[in-house]
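Undergrad: Got a file for you: my_file.cif, mmCIF, C-alpha atoms and all ligand atoms.
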data_query
#
loop_
_atom_site.group_PDB
_atom_site.id
_atom_site.type_symbol
_atom_site.label_atom_id
_atom_site.label_comp_id
_atom_site.auth_asym_id
_atom_site.auth_seq_id
_atom_site.Cartn_x
_atom_site.Cartn_y
_atom_site.Cartn_z
ATOM 1 C CA MET S 1 -5.892 -5.880 13.778
ATOM 2 C CA ARG S 2 -9.310 -7.317 14.507
ATOM 3 C CA VAL S 3 -10.048 -10.310 12.317
ATOM 4 C CA ILE S 4 -13.745 -10.900 11.795
ATOM 5 C CA ILE S 5 -14.652 -14.077 9.949
ATOM 6 C CA VAL S 6 -18.078 -14.346 8.369
ATOM 7 C CA ASP S 7 -19.884 -17.063 6.477
ATOM 8 C CA SER S 8 -20.406 -15.420 3.136
ATOM 9 C CA TYR S 9 -19.634 -12.602 0.744
ATOM 10 C CA GLU S 10 -23.031 -11.019 1.496
ATOM 11 C CA GLN S 11 -22.378 -11.114 5.219
ATOM 12 C CA MET S 12 -18.981 -9.507 4.715
ATOM 13 C CA GLY S 13 -20.822 -6.631 3.043
ATOM 14 C CA VAL S 14 -23.267 -6.357 5.930
ATOM 15 C CA GLU S 15 -20.522 -6.232 8.585
ATOM 16 C CA ALA S 16 -18.537 -3.665 6.595
ATOM 17 C CA ALA S 17 -21.662 -1.564 5.991
ATOM 18 C CA ASN S 18 -22.369 -1.608 9.741
ATOM 19 C CA ILE S 19 -18.948 -0.108 10.408
ATOM 20 C CA VAL S 20 -19.340 2.538 7.702
ATOM 21 C CA ALA S 21 -22.877 3.402 8.841
ATOM 22 C CA GLY S 22 -21.678 3.647 12.454
ATOM 23 C CA GLN S 23 -18.966 6.042 11.341
ATOM 24 C CA ILE S 24 -21.538 8.253 9.584
ATOM 25 C CA TYR S 25 -23.986 8.197 12.502
ATOM 26 C CA LEU S 26 -21.200 9.281 14.860
ATOM 27 C CA LYS S 27 -19.829 11.903 12.470
ATOM 28 C CA PRO S 28 -22.244 12.915 9.683
ATOM 29 C CA ALA S 29 -19.512 14.891 7.877
ATOM 30 C CA SER S 30 -17.190 11.894 7.700
ATOM 31 C CA VAL S 31 -14.479 11.557 5.076
ATOM 32 C CA LEU S 32 -14.526 8.043 3.634
ATOM 33 C CA GLY S 33 -11.834 6.389 1.565
ATOM 34 C CA LEU S 34 -13.450 3.998 -0.923
ATOM 35 C CA ALA S 35 -12.403 1.079 -3.096
ATOM 36 C CA THR S 36 -13.572 -0.454 -6.367
ATOM 37 C CA GLY S 37 -13.527 -4.076 -7.535
ATOM 38 C CA SER S 38 -15.911 -6.962 -6.899
ATOM 39 C CA THR S 39 -15.197 -7.128 -3.181
ATOM 40 C CA PRO S 40 -16.903 -3.974 -1.840
ATOM 41 C CA VAL S 41 -20.025 -4.290 -4.032
ATOM 42 C CA SER S 42 -22.046 -6.148 -1.374
ATOM 43 C CA MET S 43 -21.106 -3.418 1.124
ATOM 44 C CA TYR S 44 -22.257 -0.708 -1.286
ATOM 45 C CA GLN S 45 -25.527 -2.544 -1.876
ATOM 46 C CA ARG S 46 -26.131 -2.829 1.835
ATOM 47 C CA LEU S 47 -25.312 0.837 2.471
ATOM 48 C CA ALA S 48 -27.679 1.864 -0.326
ATOM 49 C CA ALA S 49 -30.387 -0.312 1.278
ATOM 50 C CA VAL S 50 -29.775 1.266 4.687
ATOM 51 C CA HIS S 51 -30.041 4.696 3.054
ATOM 52 C CA ARG S 52 -33.300 3.705 1.345
ATOM 53 C CA THR S 53 -34.941 2.024 4.298
ATOM 54 C CA VAL S 54 -33.833 4.000 7.341
ATOM 55 C CA GLY S 55 -32.466 7.139 5.733
ATOM 56 C CA LEU S 56 -28.733 6.822 6.401
ATOM 57 C CA ASP S 57 -27.710 10.318 5.360
ATOM 58 C CA PHE S 58 -24.727 10.865 3.053
ATOM 59 C CA SER S 59 -25.437 14.552 2.415
ATOM 60 C CA GLU S 60 -22.474 15.708 4.486
ATOM 61 C CA VAL S 61 -20.156 12.812 3.643
ATOM 62 C CA THR S 62 -17.050 13.299 1.508
ATOM 63 C CA THR S 63 -15.411 10.402 -0.335
ATOM 64 C CA PHE S 64 -11.982 9.824 -1.797
ATOM 65 C CA ASN S 65 -11.446 6.806 -4.014
ATOM 66 C CA LEU S 66 -8.210 4.908 -3.904
ATOM 67 C CA ASP S 67 -7.375 4.815 -7.570
ATOM 68 C CA GLU S 68 -8.223 5.183 -11.248
ATOM 69 C CA TYR S 69 -6.888 3.759 -14.485
ATOM 70 C CA ILE S 70 -4.724 6.128 -16.463
ATOM 71 C CA GLY S 71 -6.273 7.094 -19.799
ATOM 72 C CA MET S 72 -9.866 6.548 -18.711
ATOM 73 C CA GLY S 73 -12.290 9.443 -18.506
ATOM 74 C CA ALA S 74 -15.231 9.531 -16.103
ATOM 75 C CA ASP S 75 -17.701 8.564 -18.864
ATOM 76 C CA ASN S 76 -15.797 5.412 -19.833
ATOM 77 C CA PRO S 77 -17.791 2.413 -18.511
ATOM 78 C CA GLN S 78 -14.519 0.702 -17.542
ATOM 79 C CA SER S 79 -13.387 3.630 -15.425
ATOM 80 C CA TYR S 80 -13.574 3.597 -11.655
ATOM 81 C CA HIS S 81 -15.483 6.873 -11.812
ATOM 82 C CA TYR S 82 -18.209 5.075 -13.725
ATOM 83 C CA PHE S 83 -18.058 2.042 -11.432
ATOM 84 C CA MET S 84 -18.553 4.160 -8.330
ATOM 85 C CA TRP S 85 -21.554 6.048 -9.695
ATOM 86 C CA GLU S 86 -23.205 2.890 -11.004
ATOM 87 C CA ASN S 87 -22.573 0.746 -7.929
ATOM 88 C CA PHE S 88 -22.946 3.278 -5.165
ATOM 89 C CA PHE S 89 -23.205 7.013 -5.575
ATOM 90 C CA LYS S 90 -26.326 7.117 -7.736
ATOM 91 C CA HIS S 91 -28.161 5.065 -5.085
ATOM 92 C CA ILE S 92 -27.465 7.420 -2.165
ATOM 93 C CA ASN S 93 -27.818 11.147 -1.454
ATOM 94 C CA ILE S 94 -24.159 12.097 -1.697
ATOM 95 C CA LYS S 95 -23.419 15.494 -3.215
ATOM 96 C CA PRO S 96 -21.425 15.129 -6.469
ATOM 97 C CA GLU S 97 -19.103 17.923 -5.346
ATOM 98 C CA ASN S 98 -18.137 15.821 -2.310
ATOM 99 C CA VAL S 99 -16.935 12.886 -4.449
ATOM 100 C CA TYR S 100 -13.247 12.743 -5.273
ATOM 101 C CA ILE S 101 -11.533 10.197 -7.538
ATOM 102 C CA PRO S 102 -8.037 10.605 -9.017
ATOM 103 C CA ASN S 103 -8.167 11.996 -12.550
ATOM 104 C CA GLY S 104 -6.889 9.296 -14.913
ATOM 105 C CA MET S 105 -6.861 11.826 -17.758
ATOM 106 C CA ALA S 106 -4.571 14.341 -16.048
ATOM 107 C CA GLU S 107 -1.644 15.393 -18.223
ATOM 108 C CA ASP S 108 0.835 15.467 -15.367
ATOM 109 C CA MET S 109 0.334 12.539 -12.990
ATOM 110 C CA GLU S 110 2.824 13.865 -10.472
ATOM 111 C CA ALA S 111 0.879 17.121 -10.222
ATOM 112 C CA GLU S 112 -2.391 15.138 -10.033
ATOM 113 C CA GLY S 113 -0.979 13.104 -7.141
ATOM 114 C CA GLU S 114 0.003 16.269 -5.298
ATOM 115 C CA ARG S 115 -3.389 17.842 -5.977
ATOM 116 C CA TYR S 116 -5.164 14.757 -4.617
ATOM 117 C CA GLU S 117 -3.078 14.660 -1.457
ATOM 118 C CA LYS S 118 -3.805 18.358 -0.841
ATOM 119 C CA LEU S 119 -7.537 17.743 -1.292
ATOM 120 C CA ILE S 120 -7.456 14.939 1.279
ATOM 121 C CA ALA S 121 -5.462 17.039 3.729
ATOM 122 C CA GLY S 122 -7.797 19.998 3.105
ATOM 123 C CA LYS S 123 -10.750 17.875 4.233
ATOM 124 C CA GLY S 124 -8.932 16.991 7.444
ATOM 125 C CA GLY S 125 -7.782 13.520 6.314
ATOM 126 C CA ILE S 126 -9.657 10.261 5.882
ATOM 127 C CA ASP S 127 -11.735 9.037 8.828
ATOM 128 C CA LEU S 128 -12.404 5.536 7.528
ATOM 129 C CA GLN S 129 -10.658 3.814 4.642
ATOM 130 C CA VAL S 130 -12.221 0.760 2.993
ATOM 131 C CA LEU S 131 -9.801 -1.567 1.207
ATOM 132 C CA GLY S 132 -9.968 -4.691 -0.912
ATOM 133 C CA ILE S 133 -6.857 -6.764 -1.421
ATOM 134 C CA GLY S 134 -5.284 -8.118 -4.595
ATOM 135 C CA GLN S 135 -4.198 -11.733 -4.989
ATOM 136 C CA ASN S 136 -0.670 -10.334 -4.820
ATOM 137 C CA ALA S 137 -1.577 -8.534 -1.544
ATOM 138 C CA HIS S 138 -1.760 -5.093 -3.158
ATOM 139 C CA ILE S 139 -3.939 -2.419 -1.558
ATOM 140 C CA GLY S 140 -5.180 0.328 -3.836
ATOM 141 C CA PHE S 141 -2.880 -0.230 -6.787
ATOM 142 C CA ASN S 142 0.207 -0.387 -4.585
ATOM 143 C CA GLU S 143 1.801 -3.412 -6.211
ATOM 144 C CA PRO S 144 4.504 -5.581 -4.608
ATOM 145 C CA ASP S 145 7.726 -3.608 -4.782
ATOM 146 C CA VAL S 146 11.085 -3.242 -3.123
ATOM 147 C CA LYS S 147 9.871 -0.139 -1.283
ATOM 148 C CA PHE S 148 6.604 1.294 0.022
ATOM 149 C CA ALA S 149 5.394 4.115 -2.239
ATOM 150 C CA ALA S 150 4.318 6.991 -0.058
ATOM 151 C CA THR S 151 1.644 9.218 -1.535
ATOM 152 C CA THR S 152 -0.695 9.322 -4.549
ATOM 153 C CA HIS S 153 1.367 8.315 -7.562
ATOM 154 C CA LYS S 154 1.439 6.700 -10.989
ATOM 155 C CA VAL S 155 1.827 2.914 -10.930
ATOM 156 C CA GLU S 156 2.575 0.269 -13.502
ATOM 157 C CA LEU S 157 0.219 -2.639 -12.897
ATOM 158 C CA ASP S 158 1.552 -6.114 -12.176
ATOM 159 C CA GLU S 159 0.933 -8.919 -14.656
ATOM 160 C CA GLU S 160 -1.073 -10.685 -11.921
ATOM 161 C CA THR S 161 -3.304 -7.631 -11.477
ATOM 162 C CA ILE S 162 -3.770 -7.222 -15.235
ATOM 163 C CA GLN S 163 -4.718 -10.885 -15.441
ATOM 164 C CA ALA S 164 -7.155 -10.610 -12.503
ATOM 165 C CA ASN S 165 -8.792 -7.437 -13.853
ATOM 166 C CA SER S 166 -9.115 -8.783 -17.390
ATOM 167 C CA ARG S 167 -12.426 -10.345 -16.311
ATOM 168 C CA PHE S 168 -13.946 -6.860 -16.517
ATOM 169 C CA PHE S 169 -12.672 -6.325 -20.072
ATOM 170 C CA GLY S 170 -13.272 -7.921 -23.471
ATOM 171 C CA SER S 171 -9.679 -9.136 -23.656
ATOM 172 C CA ILE S 172 -6.506 -8.876 -21.627
ATOM 173 C CA ASP S 173 -5.071 -6.414 -24.163
ATOM 174 C CA GLU S 174 -7.745 -3.906 -23.232
ATOM 175 C CA VAL S 175 -6.681 -3.751 -19.566
ATOM 176 C CA PRO S 176 -4.817 -0.505 -18.868
ATOM 177 C CA ARG S 177 -1.157 -0.926 -17.907
ATOM 178 C CA TYR S 178 -1.027 2.132 -15.684
ATOM 179 C CA ALA S 179 -3.080 3.638 -12.901
ATOM 180 C CA ILE S 180 -2.910 6.442 -10.383
ATOM 181 C CA SER S 181 -3.259 5.290 -6.792
ATOM 182 C CA MET S 182 -3.168 6.592 -3.253
ATOM 183 C CA GLY S 183 0.114 5.533 -1.691
ATOM 184 C CA ILE S 184 0.774 3.492 1.411
ATOM 185 C CA LYS S 185 1.306 6.628 3.484
ATOM 186 C CA THR S 186 -2.038 8.046 2.315
ATOM 187 C CA ILE S 187 -3.741 4.830 3.418
ATOM 188 C CA MET S 188 -1.841 4.571 6.702
ATOM 189 C CA MET S 189 -2.831 8.142 7.639
ATOM 190 C CA ALA S 190 -6.524 7.147 7.730
ATOM 191 C CA GLU S 191 -7.990 7.097 11.228
ATOM 192 C CA HIS S 192 -9.689 3.701 10.800
ATOM 193 C CA VAL S 193 -9.208 1.010 8.146
ATOM 194 C CA VAL S 194 -11.500 -1.827 7.055
ATOM 195 C CA LEU S 195 -9.916 -4.498 4.857
ATOM 196 C CA LEU S 196 -12.302 -6.815 3.020
ATOM 197 C CA ALA S 197 -11.614 -10.113 1.284
ATOM 198 C CA SER S 198 -13.757 -12.890 -0.049
ATOM 199 C CA GLY S 199 -13.040 -16.196 -1.776
ATOM 200 C CA LYS S 200 -10.300 -18.772 -1.689
ATOM 201 C CA ASN S 201 -8.173 -16.957 -4.279
ATOM 202 C CA LYS S 202 -7.565 -14.266 -1.614
ATOM 203 C CA ALA S 203 -6.528 -16.671 1.176
ATOM 204 C CA ARG S 204 -2.789 -16.340 0.560
ATOM 205 C CA ALA S 205 -2.933 -12.566 0.362
ATOM 206 C CA VAL S 206 -4.976 -12.403 3.585
ATOM 207 C CA TYR S 207 -2.450 -14.651 5.313
ATOM 208 C CA LYS S 208 0.396 -12.364 4.192
ATOM 209 C CA ALA S 209 -1.504 -9.247 5.288
ATOM 210 C CA VAL S 210 -2.310 -10.567 8.754
ATOM 211 C CA CYS S 211 0.499 -12.991 9.615
ATOM 212 C CA GLY S 212 3.316 -12.387 7.151
ATOM 213 C CA ASP S 213 6.430 -10.252 7.420
ATOM 214 C CA VAL S 214 5.827 -6.540 7.018
ATOM 215 C CA THR S 215 7.379 -6.011 3.628
ATOM 216 C CA PRO S 216 6.707 -3.921 0.496
ATOM 217 C CA GLU S 217 6.592 -7.231 -1.350
ATOM 218 C CA ALA S 218 3.221 -7.819 0.371
ATOM 219 C CA PRO S 219 1.919 -4.229 0.545
ATOM 220 C CA ALA S 220 -1.108 -5.051 2.747
ATOM 221 C CA SER S 221 1.259 -6.325 5.462
ATOM 222 C CA ILE S 222 1.967 -2.701 6.431
ATOM 223 C CA LEU S 223 -1.517 -2.627 7.953
ATOM 224 C CA GLN S 224 -0.156 -4.665 10.872
ATOM 225 C CA LEU S 225 1.444 -1.376 11.964
ATOM 226 C CA HIS S 226 -1.788 0.639 11.761
ATOM 227 C CA ARG S 227 -3.534 1.348 15.059
ATOM 228 C CA ASP S 228 -7.092 0.484 14.001
ATOM 229 C CA VAL S 229 -7.746 -2.105 11.313
ATOM 230 C CA ALA S 230 -10.740 -4.425 11.034
ATOM 231 C CA VAL S 231 -10.150 -7.334 8.648
ATOM 232 C CA ILE S 232 -13.500 -8.757 7.520
ATOM 233 C CA VAL S 233 -13.145 -11.973 5.574
ATOM 234 C CA ASP S 234 -15.333 -14.858 4.581
ATOM 235 C CA LYS S 235 -14.391 -18.426 5.510
ATOM 236 C CA GLU S 236 -12.670 -19.124 2.196
ATOM 237 C CA ALA S 237 -10.472 -16.031 2.380
ATOM 238 C CA ALA S 238 -9.669 -16.862 6.039
ATOM 239 C CA ALA S 239 -8.744 -20.459 5.257
ATOM 240 C CA LEU S 240 -4.988 -20.076 5.836
ATOM 241 C CA LEU S 241 -5.208 -18.023 9.042
ATOM 242 C CA PRO S 242 -4.096 -19.913 12.152
ATOM 243 C CA GLU S 243 -6.728 -20.584 14.841
ATOM 244 C CA THR S 244 -4.913 -18.379 17.354
ATOM 245 C CA ILE S 245 -5.501 -15.136 15.477
ATOM 246 C CA ARG S 246 -9.075 -15.813 14.432
ATOM 247 C CA GLY S 247 -10.710 -13.059 16.464
ATOM 248 C CA VAL S 248 -14.422 -13.267 16.009
ATOM 249 C CA HIS S 249 -16.539 -15.528 13.907
ATOM 250 C CA ILE S 250 -19.860 -13.912 13.267
ATOM 251 C CA THR S 251 -22.842 -15.902 12.097
ATOM 252 C CA ARG S 252 -26.117 -14.075 11.792
ATOM 253 C CA LYS S 253 -29.288 -16.020 11.347
ATOM 254 C CA GLY S 254 -31.950 -14.921 8.912
HETATM 255 P P1 LIG E 1 -11.439 -7.404 -6.386
HETATM 256 O O1 LIG E 1 -10.117 -6.529 -6.419
HETATM 257 O O2 LIG E 1 -12.276 -6.839 -5.296
HETATM 258 O O3 LIG E 1 -12.081 -7.223 -7.725
HETATM 259 O O4 LIG E 1 -11.016 -8.813 -6.104
HETATM 260 C C1 LIG E 1 -9.499 -6.206 -5.217
HETATM 261 C C2 LIG E 1 -8.182 -5.528 -5.495
HETATM 262 O O5 LIG E 1 -7.566 -5.808 -6.537
HETATM 263 O O6 LIG E 1 -7.741 -4.732 -4.656
#
As structure tokens - that is how I would like this structure written.
Ligand code: PGA

TA:
Amino acid sequence: MRVIIVDSYEQMGVEAANIVAGQIYLKPASVLGLATGSTPVSMYQRLAAVHRTVGLDFSEVTTFNLDEYIGMGADNPQSYHYFMWENFFKHINIKPENVYIPNGMAEDMEAEGERYEKLIAGKGGIDLQVLGIGQNAHIGFNEPDVKFAATTHKVELDEETIQANSRFFGSIDEVPRYAISMGIKTIMMAEHVVLLASGKNKARAVYKAVCGDVTPEAPASILQLHRDVAVIVDKEAAALLPETIRGVHITRKG
């Protein structure tokens, strides 16, 4: 794991966007794994700006999102489909047919999981997976559990996750209880991984991911076993990391 500590949420987005842009410059037909939530928004904004200003080209890029709420169609403003189009896809030149997000309206979630895995495999696998992290150290919607769930599957959300995500809804009762999410194996098969975290409420989860025991009770800890992970965190999210593993501290002026 490379731990990169930056000064701010915006800078985290810039560093992450640099990695994603580098991936696309090196391989224009890259397959990206993408995340929703507040964390990656600054990265999406930066990538959209790079597209606008210097023409970073997404026309050959394929994307697979980590997860979707069950029971939410693409036109529901609370859905992750909607989030991705609003926050990213409509600002770049990606082809709609190259965007994949699990179908939260599928009748048979097991079949949907299998379909999604086949789609990923059919595209040659994910080159670069972007991840946020939950306060409970989940990645995707892989909640703390007694075992690592392997592939794309239906999940019951943790109370902590429901509480955290209620900020996007009118009330906590409106937060879906179930989602469909890539599994740990799906994530671990990605060639490169970038894990992002910002804010002091993520400090414990970041500590567990980077320094804790590898255990399904802290799902992000499995990333310690991945061969290429960049952890990009702001100072608040890095607060509990010991000095010895603080890799790089990047401060950019201006
Ligand atoms: P957040 O969510 O970016 O909105 O904090 C991250 C996550 O739950 O994985």

Undergrad: Counting all atoms listed in the file, name the residues that have an atom within 8 Å of an atom of ligand LIG 1 (chain E); the answer should be given as a PDB file with C-alpha atoms, in the frame of the given file.

TA:
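So the final result, stored in out_3.pdb, reads:
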ATOM      1  CA  ALA S  35     -12.403   1.079  -3.096  1.00  0.00           C
ATOM      2  CA  THR S  36     -13.572  -0.454  -6.367  1.00  0.00           C
ATOM      3  CA  GLY S  37     -13.527  -4.076  -7.535  1.00  0.00           C
ATOM      4  CA  SER S  38     -15.911  -6.962  -6.899  1.00  0.00           C
ATOM      5  CA  THR S  39     -15.197  -7.128  -3.181  1.00  0.00           C
ATOM      6  CA  PRO S  40     -16.903  -3.974  -1.840  1.00  0.00           C
ATOM      7  CA  LEU S 131      -9.801  -1.567   1.207  1.00  0.00           C
ATOM      8  CA  GLY S 132      -9.968  -4.691  -0.912  1.00  0.00           C
ATOM      9  CA  ILE S 133      -6.857  -6.764  -1.421  1.00  0.00           C
ATOM     10  CA  GLY S 134      -5.284  -8.118  -4.595  1.00  0.00           C
ATOM     11  CA  GLN S 135      -4.198 -11.733  -4.989  1.00  0.00           C
ATOM     12  CA  ALA S 137      -1.577  -8.534  -1.544  1.00  0.00           C
ATOM     13  CA  HIS S 138      -1.760  -5.093  -3.158  1.00  0.00           C
ATOM     14  CA  ILE S 139      -3.939  -2.419  -1.558  1.00  0.00           C
ATOM     15  CA  GLY S 140      -5.180   0.328  -3.836  1.00  0.00           C
ATOM     16  CA  PHE S 141      -2.880  -0.230  -6.787  1.00  0.00           C
ATOM     17  CA  THR S 161      -3.304  -7.631 -11.477  1.00  0.00           C
ATOM     18  CA  ALA S 164      -7.155 -10.610 -12.503  1.00  0.00           C
ATOM     19  CA  ASN S 165      -8.792  -7.437 -13.853  1.00  0.00           C
ATOM     20  CA  ALA S 197     -11.614 -10.113   1.284  1.00  0.00           C
ATOM     21  CA  SER S 198     -13.757 -12.890  -0.049  1.00  0.00           C
ATOM     22  CA  LYS S 202      -7.565 -14.266  -1.614  1.00  0.00           C
TER      23      LYS S 202
END

Undergrad: Find the residues near S:Ala209: any atom within 9 Å, counting all atoms listed in the file, skip ones fewer than 2 places away on the same chain, and give them as a list in words.

TA: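 Listed by chain and then number, they are Ile133, Ala137, Arg204, Ala205, Val206, Tyr207, Cys211, Gly212, Asp213, Val214, Ala218, Pro219, Ala220, Ser221, Ile222, Leu223 and Gln224 of chain S.
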
Undergrad: Dump as a list in words all residues having an atom at most 10 Å from (-1.7, 6.1, -11.0), computed in the file's coordinates with only C-alpha atoms.

TA: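 Those residues, ordered by chain and then number, are Leu66, Asp67, Glu68, Tyr69, Ile70, Gly71, Pro102, Asn103, Gly104, Met109, Glu110, Glu112, Gly113, Gly140, Phe141, Asn142, Thr152, His153, Lys154, Val155, Glu156, Leu157, Arg177, Tyr178, Ala179, Ile180, Ser181, Met182 and Gly183 of chain S.
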
Undergrad: Please tabulate, as CSV, the residues of stretch 148-219 of chain S that come within 8 Å of stretch 118-127 of chain S, each with its closest pair of atoms and the distance in Å to one decimal, counting only C-alpha atoms and ordering rows by chain, then residue number upward.

TA:
residue,atom,partner,partner_atom,distance
S:Met189,CA,S:Ile126,CA,7.4
S:Ala190,CA,S:Ile126,CA,4.8
S:Glu191,CA,S:Asp127,CA,4.9
S:His192,CA,S:Asp127,CA,6.0

Undergrad: Just how far from atom CA of S:Leu32 is atom CA of S:Phe64, in Å to one decimal?

TA: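 According to the coordinates, atom CA of S:Phe64 and atom CA of S:Leu32 are separated by 6.3 Å.
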
Undergrad: Excluding same-chain residues fewer than 4 positions from stretch 44-47 of chain S, what lies within 7 Å of it counting all atoms listed in the file, as a VMD selection string?

TA: chain S and resid 13 to 14 17 40 51 87 to 88

Undergrad: Within 8 Å of S:Glu60, counting all atoms listed in the file, which residues qualify if same-chain residues fewer than 5 places away don't, as a ChimeraX atom specification?

TA: /S:28-30,94-95

Undergrad: For S:Glu114, which of S:Met84, S:Ala238, S:Ala150, S:Met12 is the closest residue, counting all atoms listed in the file?

TA: S:Ala150

Undergrad: Here is a test: counting all atoms listed in the file, which residue of S:Gln23, S:Thr215, S:Thr244, S:Ser8 is nearest to S:Ile232?

TA: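 Checking each candidate against S:Ile232, we get S:Ser8 as the closest.
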
Undergrad: Measuring atom to atom with all atoms listed in the file, identify which of S:Ile19, S:Ile250, S:Val229, S:Ala106 is nearest to S:Gly73.

TA: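 Checking each candidate against S:Gly73, we get S:Ala106 as the closest.
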
Undergrad: Between atom CA of S:Glu86 and atom CA of S:Ser171, what is the distance in Å, rounded to a tenth?

TA: 22.1 Å

Undergrad: Give as a list of chain:residue names the residues that the PyMOL selection byres (((chain S and resi 184) around 7) and not hetatm) matches when applied to the coordinates above.

TA: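 Checking the PyMOL selection byres (((chain S and resi 184) around 7) and not hetatm) against this file, the residues are S:Phe148, S:Ala149, S:Ala150, S:Thr151, S:Met182, S:Gly183, S:Lys185, S:Thr186, S:Ile187, S:Met188.
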
Undergrad: Which one is closest to S:His249: S:Lys235, S:Lys208, S:Arg227, S:His91? Count only C-alpha atoms.

TA: S:Lys235

Undergrad: Between S:Val99, S:Ala48, S:Val231, S:Met105, single out the one closest to S:Ile245, counting only C-alpha atoms.

TA: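 That would be S:Val231, the residue with the smallest distance to S:Ile245.
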
Undergrad: I would like the residues chosen by the PyMOL selection byres (((chain S and resi 93) around 6) and not hetatm) on the shown file; could you give them as a PDB file with C-alpha atoms, in the frame of the given file?

TA:
ATOM      1  CA  PHE S  58     -24.727  10.865   3.053  1.00  0.00           C
ATOM      2  CA  SER S  59     -25.437  14.552   2.415  1.00  0.00           C
ATOM      3  CA  ILE S  92     -27.465   7.420  -2.165  1.00  0.00           C
ATOM      4  CA  ILE S  94     -24.159  12.097  -1.697  1.00  0.00           C
TER       5      ILE S  94
END
